[in-house]
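S.K.: So that we are looking at the same thing, I have put the structure below in structure tokens.
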Amino acid sequence: MERTACVDVPALPLQLLLRERPEWEGHPAAVVDRERIQGRILWVNRRARALGVLPGMRYGAALALSSDLRADVVSGPSIEEAVVSLASRLRRLAPGVEASRDEPGVFWLVASGLSRLYPRLGEWARLIRDEVAGGGLRCSVAVGFSRFGSYASAKGCERVVVFRTPEEEEAGIRGVPLDRLDLTPRVRQLLARLGIHTLGGFLDLPPSGIRSRLGRRAYRLHRLASGDLSPPLRPDAPAEPAAARISLDHAESDRGRLLLLMEKLLAPLLEVLRGRHEVMASLHLTLHLDDRSRRNSTLRPAEPTLDGTQLLELLRLRMEATALPAGVTDIRMELGGIRPGDRQEELFRKASARDLGAANRALAQLRARFEGGVLRACLRPGHLPEARFTWETMEAVPLPRPRRIQLRPLVRRFFPRPVQLPRTSAVPNGAALRAERGGSVRESAGPYILSGGWWGSGAHREYHFVRTDEGPWLWIYYDRKREGWFLHGKVE
């Protein structure tokens with residue numbers, strides 16, 4: 001019999017948001033349609049739901065329930081890009097994949113004809129789950145015999161479920177809670193008054209009264225669940241990549257001539273994206289050298305664009321930073337395109353003297369020139385002070401969010417690595433401190449003891465704030481394990 005599988009990535013936009021904001025883990029979080037008090041909440045995590053924050057609420061009302069709520073907007077192009085990426089991952093394991101047009105994160109897979117490769121469908125389903133997890137997302141997988149049966153089962157299970165017979169699938173979907181399916185809150189409330197909380201009780205209702213009393217959406221769901229409506233699986237045909245390649249008869253080392261060749265490749269590829277009504281989000285460049293080595297580069301503009309002049313400038317900067325120990329014999333270029341987002345709301349944004357577009361273009365040029373760009377410090381949980389933040393690439397300049405403060409905060413500047421002080425250095429309340437830019441001690445405060453880390457090598461530090469003759473407050477500590485004094489930073 002024909003087998004069908006369904007993969008459900010629950011609340012895909014929320015998972016994308018939490019993947020980009022790992023520091024929000026453990027806090028109530030939500031996705032909103034706009035970052036305003038009047039914005040509407042679209043998806044929430046379990047912690048937010050436990051506090052009473054539900055989809056459909058206004059952002060201001062949700063903040064009244066949870067002042068610790070973290071919320072942000074996930075753009076439509078970002079969701080579409082994630083769906084395309086997931087579909088591409090799933091095609092590695094399935095001959096046909098169809099992405100849902102109504103629910104981002106739901107995919108149907110052709111599960112027939114795989115017995116030679118995967119004798120057990122349970123192992124195949126677990127491979128699919130691991131493949132999605134490789135992209136930093138969690139999902140549930142159900143393998144059944146019908147389109148709706150696999151869909152409802154994936155919505156109702158947490159991990160993997162495989163049905164052996166159609167009768168087993170039919171019995172399994174009857175226990176799926178109605179709050180996992182696409183029903184409006186009003187319909188769920190009406191059904192709850194009748195004591196109906198699962199799909200089985202919903203199926204037992206007469207179809208004639210569902211359309212008139214519960215609406216068209218509920219009636220369509222009833223027809224799908226009962227098998228009266230069974231649309232066929234329509235796997236999406238993967239779009240051909242916007243890629244081009246040129247092979248050179250003779251190795252070329254002149255960067256100017258190489259840029260001219262890249263310009264010839266870039267122009268028709270941009271026309272391909274324009275014909276698909278897409279804009280370029282990334283450019284992958286591969287150079288094959290005469291010594292059989294390769295140089296791979298990925299360029300990302302400040303924002304998705306079809307501006308060839310801007311892209312050529314990024315290519316020029318990248319070529320200036322790329323070492324070519326031998327001549328180039330082959331050039332391959334591939335463009336990653338996405339659908340352009342809705343920019344109409346920018347007409348109503350408050351005017352600002354800062355040109356964020358110019359700042360983001362400058363960041364893109366820095367990324368192209370240095371293959372790393374600008375880094376920013378992001379907080380993370382850690383035991384030692386140097387482990388409480390990490391450096392991440394800054395993809396775009398965020399809008400400023402100034403806050404009114406009563407007292408200007410002090411800035412503690414870390415050294416990349418603590419500087420060990422000479423053995424002759426005195427204790428902080430001594431007469432002198434021989435350190436770089438040091439001098440005699442005027443004031444000191446401490447010790448502030450940091451001890452623990454038994455899961456690693458262990459640590460015991462006694463931190464002090466010391467003010468020297470030259471003015472700055474030094475942040476030093478005594479490491480009992482290493483039996484020495486270290487300069488960890490300055491306070492300015």
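Residues are referred to by chain and number: the chain letter is A, B, ... according to the order shown in the structure tokens, the number counts from 1 in that chain, and ligands are numbered separately from 1 in the order shown.
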Would you kindly return, as a PDB file with all heavy atoms, in the first residue's frame, each protein, DNA or RNA residue with an atom no farther than 7 Å from any atom of range 213-223 of chain A, considering only C-alpha atoms and excluding same-chain residues fewer than 6 positions away?
M.R.:
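selection_29.pdb was written with the following content:
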```
ATOM      1  N   LEU A 183      -8.232  24.657  14.410  1.00  0.00           N
ATOM      2  CA  LEU A 183      -9.590  25.083  14.747  1.00  0.00           C
ATOM      3  C   LEU A 183      -9.514  26.403  15.488  1.00  0.00           C
ATOM      4  O   LEU A 183      -8.575  26.648  16.256  1.00  0.00           O
ATOM      5  CB  LEU A 183     -10.290  24.040  15.614  1.00  0.00           C
ATOM      6  CG  LEU A 183     -10.720  22.735  14.941  1.00  0.00           C
ATOM      7  CD1 LEU A 183     -11.259  21.756  15.977  1.00  0.00           C
ATOM      8  CD2 LEU A 183     -11.770  22.988  13.866  1.00  0.00           C
ATOM      9  N   VAL A 187     -14.565  27.723  18.100  1.00  0.00           N
ATOM     10  CA  VAL A 187     -15.057  26.371  17.818  1.00  0.00           C
ATOM     11  C   VAL A 187     -14.617  25.405  18.908  1.00  0.00           C
ATOM     12  O   VAL A 187     -15.400  24.547  19.355  1.00  0.00           O
ATOM     13  CB  VAL A 187     -14.557  25.921  16.432  1.00  0.00           C
ATOM     14  CG1 VAL A 187     -14.874  24.447  16.198  1.00  0.00           C
ATOM     15  CG2 VAL A 187     -15.182  26.772  15.337  1.00  0.00           C
ATOM     16  N   LEU A 203     -15.278  13.522  15.174  1.00  0.00           N
ATOM     17  CA  LEU A 203     -15.695  12.709  14.034  1.00  0.00           C
ATOM     18  C   LEU A 203     -17.070  12.084  14.239  1.00  0.00           C
ATOM     19  O   LEU A 203     -17.780  11.804  13.272  1.00  0.00           O
ATOM     20  CB  LEU A 203     -14.659  11.610  13.782  1.00  0.00           C
ATOM     21  CG  LEU A 203     -13.399  12.011  13.017  1.00  0.00           C
ATOM     22  CD1 LEU A 203     -12.397  10.871  13.002  1.00  0.00           C
ATOM     23  CD2 LEU A 203     -13.740  12.432  11.603  1.00  0.00           C
ATOM     24  N   LEU A 229     -12.863  13.872   2.022  1.00  0.00           N
ATOM     25  CA  LEU A 229     -12.026  14.763   1.211  1.00  0.00           C
ATOM     26  C   LEU A 229     -10.582  14.313   1.378  1.00  0.00           C
ATOM     27  O   LEU A 229     -10.049  14.330   2.490  1.00  0.00           O
ATOM     28  CB  LEU A 229     -12.204  16.219   1.660  1.00  0.00           C
ATOM     29  CG  LEU A 229     -11.431  17.284   0.875  1.00  0.00           C
ATOM     30  CD1 LEU A 229     -11.887  17.319  -0.575  1.00  0.00           C
ATOM     31  CD2 LEU A 229     -11.613  18.656   1.527  1.00  0.00           C
TER      32      LEU A 229
END
```
S.K.: Residues near Trp124 in chain A, anyone? I mean within 10 Å using only C-alpha atoms, not counting same-chain ones fewer than 3 positions away, as a PyMOL selection string.
M.R.: chain A and resi 93-94+111+114-115+117-121+127-130+141+143
S.K.: Determine, counting only C-alpha atoms, which protein, DNA and RNA residues have an atom within 7 Å of an atom of Tyr478 in chain A; residues of the same chain fewer than 4 positions away are not included. Present the result as a PyMOL selection string.
M.R.: chain A and resi 461-463+484-486
S.K.: Using only C-alpha atoms for the distances, tell me which of A:Leu258, A:Ala82, A:Leu299, A:Ile338 is nearest to Leu273 in chain A.
M.R.: A:Ile338
S.K.: So which one's closest to Arg89 in chain A, A:Ser208, A:Pro238, A:Arg164, A:Ala50? Using only C-alpha atoms, please.
M.R.: A:Pro238
S.K.: Would you list, as a VMD selection string, the residues of range 58-146 of chain A that end up in helix (DSSP H, G or I) under DSSP run on this structure's backbone?
M.R.: chain A and resid 59 to 65 76 to 90 121 to 133
S.K.: Find the spatial neighbours of Tyr59 in chain A, counting only C-alpha atoms, within a cut-off of 8 Å - ignore same-chain residues fewer than 5 positions away - and output them as a PyMOL selection string.
M.R.: chain A and resi 32+36-41
S.K.: Quick one: distance from CA of Thr4 in chain A to CA of Phe202 in chain A in Å, one decimal?
M.R.: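 CA of Phe202 in chain A lies at a distance of 23.4 Å from CA of Thr4 in chain A.
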S.K.: So how far away is CA of Val132 in chain A from CA of Ala171 in chain A, in Å?
M.R.: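 Distance between the two atoms: 27.8 Å.
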S.K.: For each of A:Val397, A:Leu224, A:Leu335, A:Val9, take the minimum atom-to-atom distance to Glu103 in chain A, counting only C-alpha atoms, then give the residue where this is smallest.
M.R.: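 Nearest to Glu103 in chain A: A:Val9.
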S.K.: Find the spatial neighbours of Leu259 in chain A, counting only C-alpha atoms, within a cut-off of 10 Å - ignore same-chain residues fewer than 2 positions away - and output them as a list in words.
M.R.: Asp254, Arg255, Gly256, Arg257, Leu261, Met262, Glu263, Lys264, Leu265, Leu312, Glu313, Leu315, Arg316 and Met319 of chain A
